>>> print(open('final19.txt').read())   # compact mmCIF, C-alpha atoms and all ligand atoms
# COMPACT_ATOMS: atom_id res chain seq x y z
CA MET U 30 3.61 60.84 18.07
CA ASN U 31 6.45 61.83 15.77
CA LYS U 32 6.75 65.62 15.76
CA SER U 33 8.45 66.98 12.66
CA LYS U 34 9.31 70.52 13.78
CA ILE U 35 12.90 71.37 14.62
CA LEU U 36 13.76 74.27 16.92
CA ILE U 37 17.18 75.93 16.75
CA ALA U 38 18.13 77.60 20.04
CA GLY U 39 20.96 80.09 19.53
CA ALA U 40 19.76 80.78 15.98
CA THR U 41 20.64 84.46 16.24
CA GLY U 42 24.28 83.56 16.89
CA GLN U 43 26.99 82.76 14.39
CA ILE U 44 26.77 78.95 14.24
CA GLY U 45 23.02 79.00 14.74
CA ARG U 46 22.42 81.26 11.73
CA LYS U 47 24.62 79.13 9.51
CA THR U 48 22.91 75.95 10.72
CA VAL U 49 19.51 77.32 9.73
CA GLU U 50 20.88 78.28 6.29
CA HIS U 51 22.18 74.75 5.70
CA LEU U 52 18.99 73.20 7.05
CA LEU U 53 16.90 75.22 4.60
CA LYS U 54 18.63 73.38 1.75
CA THR U 55 17.04 70.09 2.78
CA ILE U 56 13.84 70.76 4.72
CA PRO U 57 11.04 73.28 4.21
CA ALA U 58 10.97 76.53 6.19
CA ASN U 59 7.67 75.57 7.82
CA ARG U 60 9.40 72.73 9.68
CA ILE U 61 11.98 75.08 11.21
CA VAL U 62 11.41 77.20 14.32
CA VAL U 63 14.02 79.55 15.77
CA LEU U 64 14.33 80.66 19.38
CA ALA U 65 15.38 84.29 19.82
CA ARG U 66 15.75 86.47 22.88
CA ASP U 67 14.98 89.43 20.65
CA ALA U 68 12.64 88.80 17.72
CA ALA U 69 14.18 91.71 15.81
CA LYS U 70 17.42 89.72 15.53
CA ALA U 71 15.54 86.91 13.77
CA GLU U 72 13.68 89.06 11.27
CA ASN U 73 15.51 87.70 8.26
CA PHE U 74 14.26 84.22 9.21
CA ALA U 75 10.67 85.39 9.67
CA THR U 76 10.62 86.97 6.21
CA ARG U 77 11.51 83.59 4.75
CA GLY U 78 8.64 81.74 6.43
CA ILE U 79 10.48 80.48 9.52
CA GLU U 80 8.54 80.77 12.76
CA VAL U 81 10.31 82.85 15.41
CA ARG U 82 9.54 82.16 19.07
CA VAL U 83 10.81 84.46 21.77
CA GLY U 84 12.50 82.84 24.74
CA ASP U 85 15.41 83.10 27.12
CA TYR U 86 17.24 80.23 28.82
CA PHE U 87 16.84 82.07 32.13
CA ASP U 88 13.06 82.23 31.69
CA TYR U 89 11.72 78.69 32.10
CA GLY U 90 8.14 79.62 31.21
CA SER U 91 9.24 81.19 27.92
CA LEU U 92 11.01 77.95 26.99
CA LEU U 93 7.99 75.78 27.78
CA LYS U 94 5.93 77.95 25.44
CA ALA U 95 8.59 78.03 22.73
CA TYR U 96 8.87 74.23 22.72
CA GLU U 97 5.17 73.58 22.06
CA GLY U 98 4.79 70.98 19.29
CA ILE U 99 8.55 70.68 18.74
CA GLY U 100 10.15 67.28 18.08
CA LYS U 101 13.87 68.11 18.01
CA VAL U 102 15.83 70.93 19.62
CA LEU U 103 19.34 71.99 18.71
CA LEU U 104 20.67 73.52 21.93
CA ILE U 105 23.75 75.52 21.02
CA GLY U 106 25.83 76.07 24.15
CA SER U 107 25.28 79.52 25.62
CA HIS U 108 28.04 82.10 26.14
CA GLY U 109 30.82 81.18 28.55
CA PHE U 110 30.94 83.00 31.90
CA THR U 111 27.15 83.52 32.05
CA ASP U 112 25.85 80.74 34.37
CA ARG U 113 25.50 78.11 31.69
CA PHE U 114 24.50 75.65 34.45
CA THR U 115 21.14 77.35 35.02
CA GLN U 116 20.58 78.14 31.34
CA HIS U 117 21.22 74.64 30.03
CA TYR U 118 19.40 72.99 32.94
CA ASN U 119 16.33 75.09 32.13
CA ALA U 120 16.63 74.45 28.39
CA ILE U 121 16.84 70.67 28.88
CA THR U 122 14.26 70.20 31.63
CA ALA U 123 11.74 72.48 29.89
CA ALA U 124 12.22 70.42 26.72
CA ARG U 125 11.39 67.28 28.66
CA GLN U 126 8.34 68.88 30.28
CA ALA U 127 7.08 70.28 26.97
CA GLY U 128 7.18 66.88 25.27
CA VAL U 129 10.20 67.44 23.00
CA GLU U 130 11.56 64.07 21.85
CA HIS U 131 15.22 64.69 21.08
CA VAL U 132 17.77 67.33 22.17
CA ILE U 133 21.07 67.84 20.38
CA TYR U 134 23.62 69.69 22.51
CA THR U 135 26.85 71.32 21.34
CA SER U 136 29.72 70.81 23.74
CA ILE U 137 33.41 71.58 23.54
CA MET U 138 35.65 68.61 22.75
CA ARG U 139 37.87 67.24 25.49
CA LYS U 140 39.94 64.14 25.94
CA GLU U 141 38.15 61.31 27.78
CA GLY U 142 39.26 61.41 31.42
CA SER U 143 41.05 64.72 30.94
CA GLY U 144 41.35 66.73 34.13
CA LEU U 145 41.51 69.93 32.09
CA ILE U 146 39.05 72.49 33.38
CA PHE U 147 38.14 75.80 31.81
CA PRO U 148 36.11 77.32 34.64
CA GLU U 149 32.55 78.16 33.59
CA ILE U 150 32.96 76.27 30.31
CA THR U 151 34.11 72.65 30.63
CA GLU U 152 32.38 72.11 33.99
CA SER U 153 29.08 73.38 32.66
CA ASP U 154 29.49 71.25 29.53
CA VAL U 155 29.96 68.10 31.64
CA PHE U 156 26.96 69.10 33.77
CA SER U 157 24.82 69.75 30.68
CA GLU U 158 25.76 66.44 29.07
CA GLN U 159 24.93 64.58 32.30
CA THR U 160 21.65 66.45 32.70
CA LEU U 161 20.66 65.63 29.13
CA LYS U 162 21.60 61.96 29.40
CA ALA U 163 19.65 61.62 32.67
CA SER U 164 16.61 63.50 31.34
CA GLY U 165 14.96 60.60 29.53
CA LEU U 166 15.06 62.58 26.27
CA ALA U 167 16.78 61.11 23.25
CA TYR U 168 20.10 62.94 23.12
CA THR U 169 22.94 63.66 20.74
CA ILE U 170 26.13 65.29 22.02
CA LEU U 171 28.21 67.11 19.42
CA PHE U 172 31.78 67.80 20.45
CA HIS U 173 33.04 70.95 18.76
CA PRO U 174 36.76 71.45 18.20
CA PRO U 175 38.24 74.97 18.39
CA PHE U 176 36.66 77.16 15.72
CA SER U 177 39.19 78.16 13.04
CA GLU U 178 37.96 81.74 13.49
CA VAL U 179 39.17 81.88 17.11
CA LEU U 180 42.65 80.43 16.62
CA GLN U 181 44.14 83.79 17.45
CA PHE U 182 43.05 83.27 21.04
CA TYR U 183 45.38 80.26 21.11
CA TYR U 184 48.46 81.78 19.57
CA GLY U 185 47.89 85.22 21.05
CA PHE U 186 47.78 88.62 19.45
CA THR U 187 51.55 89.20 19.43
CA PRO U 188 53.03 85.81 18.43
CA TYR U 189 56.15 87.36 16.87
CA GLU U 190 57.04 89.15 20.09
CA LYS U 191 55.88 86.60 22.65
CA GLY U 192 56.00 83.30 20.77
CA ILE U 193 53.27 80.68 20.60
CA LEU U 194 52.43 78.88 23.84
CA LEU U 195 49.89 76.30 22.70
CA PRO U 196 49.22 73.94 21.15
CA GLU U 197 52.85 73.03 20.59
CA GLY U 198 54.93 69.93 20.01
CA SER U 199 52.85 66.78 20.22
CA GLY U 200 49.82 68.68 21.53
CA LYS U 201 47.68 69.00 18.43
CA MET U 202 44.22 70.20 17.49
CA SER U 203 41.99 70.03 14.47
CA PRO U 204 40.11 73.28 14.05
CA VAL U 205 37.03 73.66 11.88
CA THR U 206 35.17 76.70 10.64
CA ARG U 207 31.80 77.56 12.10
CA ASP U 208 30.28 77.00 8.68
CA GLU U 209 31.61 73.44 8.47
CA LEU U 210 30.19 72.66 11.90
CA ALA U 211 26.88 74.21 10.93
CA GLU U 212 26.69 72.05 7.83
CA ALA U 213 27.31 68.90 9.89
CA GLN U 214 24.70 69.99 12.43
CA ALA U 215 22.13 70.53 9.68
CA VAL U 216 22.72 67.00 8.38
CA ILE U 217 22.29 65.55 11.87
CA LEU U 218 19.08 67.52 12.37
CA ALA U 219 17.58 66.54 9.04
CA THR U 220 18.37 62.82 9.07
CA PRO U 221 17.31 59.96 11.38
CA GLY U 222 19.47 57.63 13.46
CA HIS U 223 21.39 60.02 15.72
CA GLU U 224 19.58 59.26 18.97
CA ASN U 225 21.75 58.57 22.03
CA LYS U 226 25.01 59.14 20.20
CA THR U 227 28.04 61.34 20.77
CA TYR U 228 29.92 62.67 17.76
CA LEU U 229 33.28 64.34 17.63
CA LEU U 230 33.13 66.88 14.80
CA SER U 231 36.66 67.77 13.87
CA GLY U 232 38.98 68.82 11.09
CA SER U 233 40.59 66.18 8.90
CA GLU U 234 44.10 66.91 10.13
CA ALA U 235 45.41 67.59 13.65
CA ILE U 236 48.02 70.34 13.73
CA SER U 237 50.37 72.01 16.14
CA PHE U 238 52.29 75.24 15.64
N1 LIG M 1 34.78 75.73 19.96
C1 LIG M 1 35.15 77.00 20.06
O1 LIG M 1 36.25 77.40 19.62
C2 LIG M 1 34.23 77.98 20.68
C3 LIG M 1 34.61 79.32 20.75
C4 LIG M 1 33.72 80.23 21.29
C5 LIG M 1 32.48 79.81 21.75
N2 LIG M 1 32.13 78.50 21.68
C6 LIG M 1 30.80 78.00 22.12
O2 LIG M 1 30.00 77.80 20.95
C7 LIG M 1 28.76 78.50 21.09
C8 LIG M 1 28.27 78.98 19.74
O3 LIG M 1 29.23 79.83 19.15
P1 LIG M 1 28.78 81.11 18.32
O4 LIG M 1 30.01 81.71 17.78
O5 LIG M 1 27.63 80.78 17.43
O6 LIG M 1 28.23 82.03 19.53
P2 LIG M 1 27.34 83.34 19.45
O7 LIG M 1 27.40 83.96 18.11
O8 LIG M 1 27.73 84.17 20.64
O9 LIG M 1 25.83 82.78 19.68
C9 LIG M 1 25.34 82.43 20.94
C10 LIG M 1 23.82 82.28 20.82
O10 LIG M 1 23.29 81.95 22.11
C11 LIG M 1 22.19 82.81 22.36
N3 LIG M 1 22.01 83.02 23.80
C12 LIG M 1 22.92 83.46 24.70
N4 LIG M 1 22.36 83.55 25.91
C13 LIG M 1 21.05 83.17 25.77
C14 LIG M 1 19.95 83.07 26.65
N5 LIG M 1 20.05 83.39 27.96
N6 LIG M 1 18.76 82.63 26.17
C15 LIG M 1 18.64 82.29 24.85
N7 LIG M 1 19.64 82.38 23.95
C16 LIG M 1 20.83 82.82 24.42
C17 LIG M 1 22.57 84.11 21.69
O11 LIG M 1 21.44 84.95 21.56
P3 LIG M 1 21.59 86.55 21.33
O12 LIG M 1 21.76 86.71 19.84
O13 LIG M 1 20.34 87.10 21.85
O14 LIG M 1 22.82 87.01 22.08
C18 LIG M 1 23.10 83.57 20.37
O15 LIG M 1 22.03 83.23 19.52
C19 LIG M 1 29.09 79.63 22.09
O16 LIG M 1 27.93 80.08 22.73
C20 LIG M 1 30.04 78.94 23.04
O17 LIG M 1 29.34 78.14 23.99
C21 LIG M 1 32.98 77.59 21.15
>>> encode(input="final19.txt", output="structure tokens", more="lines below")
Ligand SMILES: NC(=O)c1ccc[n+]([C@@H]2O[C@H](COP(=O)([O-])OP(=O)(O)OC[C@H]3O[C@@H](n4cnc5c(N)ncnc54)[C@H](OP(=O)(O)O)[C@@H]3O)[C@@H](O)[C@H]2O)c1
Amino acid sequence: MNKSKILIAGATGQIGRKTVEHLLKTIPANRIVVLARDAAKAENFATRGIEVRVGDYFDYGSLLKAYEGIGKVLLIGSHGFTDRFTQHYNAITAARQAGVEHVIYTSIMRKEGSGLIFPEITESDVFSEQTLKASGLAYTILFHPPFSEVLQFYYGFTPYEKGILLPEGSGKMSPVTRDELAEAQAVILATPGHENKTYLLSGSEAISF
């Protein structure tokens, strides 16, 4: 059976909200479901005819219920430093158990074979990608570059006094705004042919400082 409903997990967050807004331009509200820990935070979706289901990645039973009748799930990576291993494992395995067909997971871009580890972030991304690929679900992995909005975390809050540490020289990155990523995510959710693929979503030009 081909299930047409799409659930956005993380819809009360910044990229999630923008993804829903872009998605509404191409598919009707009654095909969109949002997952919220707190329904009050999703009120502006409910008033526009989007179904809000309450669930928490730490509460497996709530996810099973939220996924009923859903075909595709956009799983936006949870906050760093909050046991993303358990949260994403629950979100993926509950999707499988509930009969979801396709999970799209947002990961942070990294160079193939890179030994770079951001504790609690890159390791849980690798784990989540492996869990999803082994789950038997159709998967799409979206690699996010640094968000343009968080560049200050790279060059620091006092660059004139302390200088810029990274990226520098030949180390480059291609940041993108959350809205641009959300638009790309909405296209991937609304169109066919993205099963079992990994996409690097990035800016058009790599820059250093
Ligand atoms: N590439 C980058 O530069 C970069 C920078 C920062 C973060 N990130 C990653 O990108 C993700 C999305 O970014 P964003 O700015 O949209 O983040 P955000 O605004 O913090 O949104 C995170 C979303 O996850 C939800 N969430 C957190 N814990 C949950 C749980 N236990 N159960 C269910 N939902 C839960 C939040 O729900 P509530 O509204 O209830 O809190 C919110 O909807 C982040 O979570 C992080 O993994 C990437």
>>> residues_around(input="final19.txt", residues="Leu36 of chain U", least_positions_apart="5", cutoff="6 Å", atoms="all atoms listed in the file", output="list in words")
Val62, Val63 and Val102 of chain U
>>> closest_residue(input="final19.txt", among="U:Ser237, U:His117, U:His223, U:Thr169", to="Ile193 of chain U", atoms="all atoms listed in the file")
U:Ser237
>>> closest_residue(input="final19.txt", among="U:Ser177, U:Thr227, U:Ser91, U:Gln214", to="Met202 of chain U", atoms="only C-alpha atoms")
U:Ser177
>>> residues_near_ligand(input="final19.txt", ligand="ligand LIG 1 (chain M)", cutoff="7 Å", atoms="all atoms listed in the file", output="VMD selection string")
chain U and resid 38 to 45 65 to 67 70 84 to 87 105 to 109 116 137 173 to 176 179
>>> write_last_selection(input="final19.txt", atoms="C-alpha atoms", output="mmCIF file, keeping the file's coordinate frame")
data_model
loop_
_atom_site.group_PDB
_atom_site.id
_atom_site.type_symbol
_atom_site.label_atom_id
_atom_site.label_comp_id
_atom_site.auth_asym_id
_atom_site.auth_seq_id
_atom_site.Cartn_x
_atom_site.Cartn_y
_atom_site.Cartn_z
ATOM 1 C CA ALA U 38 18.130 77.600 20.040
ATOM 2 C CA GLY U 39 20.960 80.090 19.530
ATOM 3 C CA ALA U 40 19.760 80.780 15.980
ATOM 4 C CA THR U 41 20.640 84.460 16.240
ATOM 5 C CA GLY U 42 24.280 83.560 16.890
ATOM 6 C CA GLN U 43 26.990 82.760 14.390
ATOM 7 C CA ILE U 44 26.770 78.950 14.240
ATOM 8 C CA GLY U 45 23.020 79.000 14.740
ATOM 9 C CA ALA U 65 15.380 84.290 19.820
ATOM 10 C CA ARG U 66 15.750 86.470 22.880
ATOM 11 C CA ASP U 67 14.980 89.430 20.650
ATOM 12 C CA LYS U 70 17.420 89.720 15.530
ATOM 13 C CA GLY U 84 12.500 82.840 24.740
ATOM 14 C CA ASP U 85 15.410 83.100 27.120
ATOM 15 C CA TYR U 86 17.240 80.230 28.820
ATOM 16 C CA PHE U 87 16.840 82.070 32.130
ATOM 17 C CA ILE U 105 23.750 75.520 21.020
ATOM 18 C CA GLY U 106 25.830 76.070 24.150
ATOM 19 C CA SER U 107 25.280 79.520 25.620
ATOM 20 C CA HIS U 108 28.040 82.100 26.140
ATOM 21 C CA GLY U 109 30.820 81.180 28.550
ATOM 22 C CA GLN U 116 20.580 78.140 31.340
ATOM 23 C CA ILE U 137 33.410 71.580 23.540
ATOM 24 C CA HIS U 173 33.040 70.950 18.760
ATOM 25 C CA PRO U 174 36.760 71.450 18.200
ATOM 26 C CA PRO U 175 38.240 74.970 18.390
ATOM 27 C CA PHE U 176 36.660 77.160 15.720
ATOM 28 C CA VAL U 179 39.170 81.880 17.110
#
>>> closest_residue(input="final19.txt", among="U:Ala211, U:Leu93, U:Pro57, U:Phe238", to="Tyr184 of chain U", atoms="all atoms listed in the file")
U:Phe238
>>> closest_residue(input="final19.txt", among="U:Gly232, U:Gly192, U:Gly222, U:Gly98", to="Val205 of chain U", atoms="all atoms listed in the file")
U:Gly232
>>> residues_around(input="final19.txt", residues="Thr55 of chain U", least_positions_apart="3", cutoff="8 Å", atoms="all atoms listed in the file", output="list of chain:residue names")
U:His51, U:Leu52, U:Ala219
>>> atom_distance(input="final19.txt", atom1="atom CA of Lys34 of chain U", atom2="atom CA of Arg207 of chain U")
23.6 Å
>>> residues_around(input="final19.txt", residues="His131 of chain U", least_positions_apart="4", cutoff="8 Å", atoms="all atoms listed in the file", output="list in words")
Gly100, Lys101, Val102, Leu166, Ala167, Tyr168, Thr169 and Glu224 of chain U
>>> residues_near_point(input="final19.txt", point="(28.3, 63.1, 22.0)", cutoff="9 Å", atoms="only C-alpha atoms", output="PyMOL selection string")
chain U and resi 133-136+158+168-172+225-229
>>> closest_residue(input="final19.txt", among="U:Met138, U:Arg82, U:Thr151, U:Phe156", to="Pro204 of chain U", atoms="all atoms listed in the file")
U:Met138
>>> decode(input="final19.txt", residues="segment 180-219 of chain U", atoms="N, CA and C atoms", output="mmCIF file, in the first residue's frame")
data_model
loop_
_atom_site.group_PDB
_atom_site.id
_atom_site.type_symbol
_atom_site.label_atom_id
_atom_site.label_comp_id
_atom_site.auth_asym_id
_atom_site.auth_seq_id
_atom_site.Cartn_x
_atom_site.Cartn_y
_atom_site.Cartn_z
ATOM 1 N N LEU U 180 27.264 30.762 11.731
ATOM 2 C CA LEU U 180 28.674 30.969 11.372
ATOM 3 C C LEU U 180 29.467 31.599 12.509
ATOM 4 N N GLN U 181 28.784 32.385 13.313
ATOM 5 C CA GLN U 181 29.503 33.054 14.398
ATOM 6 C C GLN U 181 30.166 32.057 15.351
ATOM 7 N N PHE U 182 29.571 30.849 15.433
ATOM 8 C CA PHE U 182 30.195 29.841 16.292
ATOM 9 C C PHE U 182 31.535 29.386 15.720
ATOM 10 N N TYR U 183 31.725 29.576 14.419
ATOM 11 C CA TYR U 183 32.992 29.203 13.793
ATOM 12 C C TYR U 183 34.037 30.291 13.966
ATOM 13 N N TYR U 184 33.619 31.543 13.707
ATOM 14 C CA TYR U 184 34.659 32.580 13.789
ATOM 15 C C TYR U 184 34.718 33.234 15.159
ATOM 16 N N GLY U 185 33.867 32.788 16.068
ATOM 17 C CA GLY U 185 33.945 33.284 17.441
ATOM 18 C C GLY U 185 33.212 34.608 17.613
ATOM 19 N N PHE U 186 33.113 35.037 18.840
ATOM 20 C CA PHE U 186 32.345 36.241 19.126
ATOM 21 C C PHE U 186 33.235 37.478 19.224
ATOM 22 N N THR U 187 34.553 37.261 19.201
ATOM 23 C CA THR U 187 35.481 38.396 19.276
ATOM 24 C C THR U 187 36.576 38.231 18.214
ATOM 25 N N PRO U 188 36.181 38.119 16.927
ATOM 26 C CA PRO U 188 37.180 37.835 15.885
ATOM 27 C C PRO U 188 38.232 38.924 15.751
ATOM 28 N N TYR U 189 37.873 40.191 16.042
ATOM 29 C CA TYR U 189 38.866 41.260 15.892
ATOM 30 C C TYR U 189 39.957 41.133 16.947
ATOM 31 N N GLU U 190 39.573 40.702 18.125
ATOM 32 C CA GLU U 190 40.564 40.576 19.204
ATOM 33 C C GLU U 190 41.348 39.261 19.089
ATOM 34 N N LYS U 191 40.627 38.187 18.781
ATOM 35 C CA LYS U 191 41.260 36.859 18.874
ATOM 36 C C LYS U 191 41.605 36.243 17.529
ATOM 37 N N GLY U 192 41.134 36.856 16.439
ATOM 38 C CA GLY U 192 41.375 36.277 15.128
ATOM 39 C C GLY U 192 40.385 35.155 14.841
ATOM 40 N N ILE U 193 40.471 34.644 13.606
ATOM 41 C CA ILE U 193 39.559 33.583 13.182
ATOM 42 C C ILE U 193 40.345 32.279 13.107
ATOM 43 N N LEU U 194 39.880 31.252 13.777
ATOM 44 C CA LEU U 194 40.638 29.999 13.833
ATOM 45 C C LEU U 194 40.253 29.021 12.728
ATOM 46 N N LEU U 195 38.982 28.987 12.360
ATOM 47 C CA LEU U 195 38.573 28.058 11.311
ATOM 48 C C LEU U 195 37.239 28.479 10.717
ATOM 49 N N PRO U 196 36.970 28.071 9.440
ATOM 50 C CA PRO U 196 37.908 27.411 8.555
ATOM 51 C C PRO U 196 38.867 28.450 7.978
ATOM 52 N N GLU U 197 40.092 28.057 7.756
ATOM 53 C CA GLU U 197 41.063 29.011 7.217
ATOM 54 C C GLU U 197 41.871 28.332 6.124
ATOM 55 N N GLY U 198 42.532 29.159 5.319
ATOM 56 C CA GLY U 198 43.391 28.634 4.261
ATOM 57 C C GLY U 198 42.606 27.785 3.291
ATOM 58 N N SER U 199 43.093 26.554 3.075
ATOM 59 C CA SER U 199 42.434 25.691 2.093
ATOM 60 C C SER U 199 41.236 24.951 2.701
ATOM 61 N N GLY U 200 41.051 25.052 4.001
ATOM 62 C CA GLY U 200 39.873 24.445 4.629
ATOM 63 C C GLY U 200 38.668 25.321 4.344
ATOM 64 N N LYS U 201 37.751 24.814 3.554
ATOM 65 C CA LYS U 201 36.620 25.650 3.135
ATOM 66 C C LYS U 201 35.298 25.010 3.518
ATOM 67 N N MET U 202 34.263 25.841 3.561
ATOM 68 C CA MET U 202 32.914 25.299 3.773
ATOM 69 C C MET U 202 31.908 26.084 2.948
ATOM 70 N N SER U 203 30.742 25.498 2.798
ATOM 71 C CA SER U 203 29.730 26.136 1.948
ATOM 72 C C SER U 203 28.412 26.231 2.705
ATOM 73 N N PRO U 204 28.311 27.253 3.555
ATOM 74 C CA PRO U 204 27.117 27.364 4.390
ATOM 75 C C PRO U 204 25.849 27.674 3.598
ATOM 76 N N VAL U 205 24.740 27.361 4.207
ATOM 77 C CA VAL U 205 23.418 27.534 3.592
ATOM 78 C C VAL U 205 22.467 27.991 4.693
ATOM 79 N N THR U 206 21.487 28.795 4.325
ATOM 80 C CA THR U 206 20.524 29.206 5.358
ATOM 81 C C THR U 206 19.564 28.047 5.661
ATOM 82 N N ARG U 207 18.983 28.129 6.836
ATOM 83 C CA ARG U 207 17.993 27.098 7.195
ATOM 84 C C ARG U 207 16.855 27.085 6.180
ATOM 85 N N ASP U 208 16.486 28.262 5.694
ATOM 86 C CA ASP U 208 15.355 28.321 4.764
ATOM 87 C C ASP U 208 15.689 27.610 3.449
ATOM 88 N N GLU U 209 16.917 27.764 2.992
ATOM 89 C CA GLU U 209 17.305 27.072 1.745
ATOM 90 C C GLU U 209 17.265 25.555 1.936
ATOM 91 N N LEU U 210 17.751 25.101 3.090
ATOM 92 C CA LEU U 210 17.709 23.658 3.360
ATOM 93 C C LEU U 210 16.268 23.173 3.459
ATOM 94 N N ALA U 211 15.437 23.975 4.087
ATOM 95 C CA ALA U 211 14.027 23.596 4.243
ATOM 96 C C ALA U 211 13.355 23.472 2.877
ATOM 97 N N GLU U 212 13.685 24.369 1.983
ATOM 98 C CA GLU U 212 13.077 24.325 0.647
ATOM 99 C C GLU U 212 13.490 23.031 -0.075
ATOM 100 N N ALA U 213 14.773 22.698 0.032
ATOM 101 C CA ALA U 213 15.255 21.458 -0.600
ATOM 102 C C ALA U 213 14.568 20.248 0.026
ATOM 103 N N GLN U 214 14.434 20.268 1.341
ATOM 104 C CA GLN U 214 13.787 19.138 2.033
ATOM 105 C C GLN U 214 12.339 18.970 1.576
ATOM 106 N N ALA U 215 11.651 20.099 1.383
ATOM 107 C CA ALA U 215 10.248 20.031 0.956
ATOM 108 C C ALA U 215 10.150 19.418 -0.443
ATOM 109 N N VAL U 216 11.089 19.750 -1.307
ATOM 110 C CA VAL U 216 11.075 19.165 -2.657
ATOM 111 C C VAL U 216 11.291 17.655 -2.566
ATOM 112 N N ILE U 217 12.237 17.243 -1.741
ATOM 113 C CA ILE U 217 12.536 15.811 -1.602
ATOM 114 C C ILE U 217 11.328 15.068 -1.012
ATOM 115 N N LEU U 218 10.636 15.710 -0.101
ATOM 116 C CA LEU U 218 9.462 15.057 0.503
ATOM 117 C C LEU U 218 8.293 14.950 -0.475
ATOM 118 N N ALA U 219 8.173 15.923 -1.348
ATOM 119 C CA ALA U 219 6.981 15.993 -2.202
ATOM 120 C C ALA U 219 7.151 15.280 -3.538
#
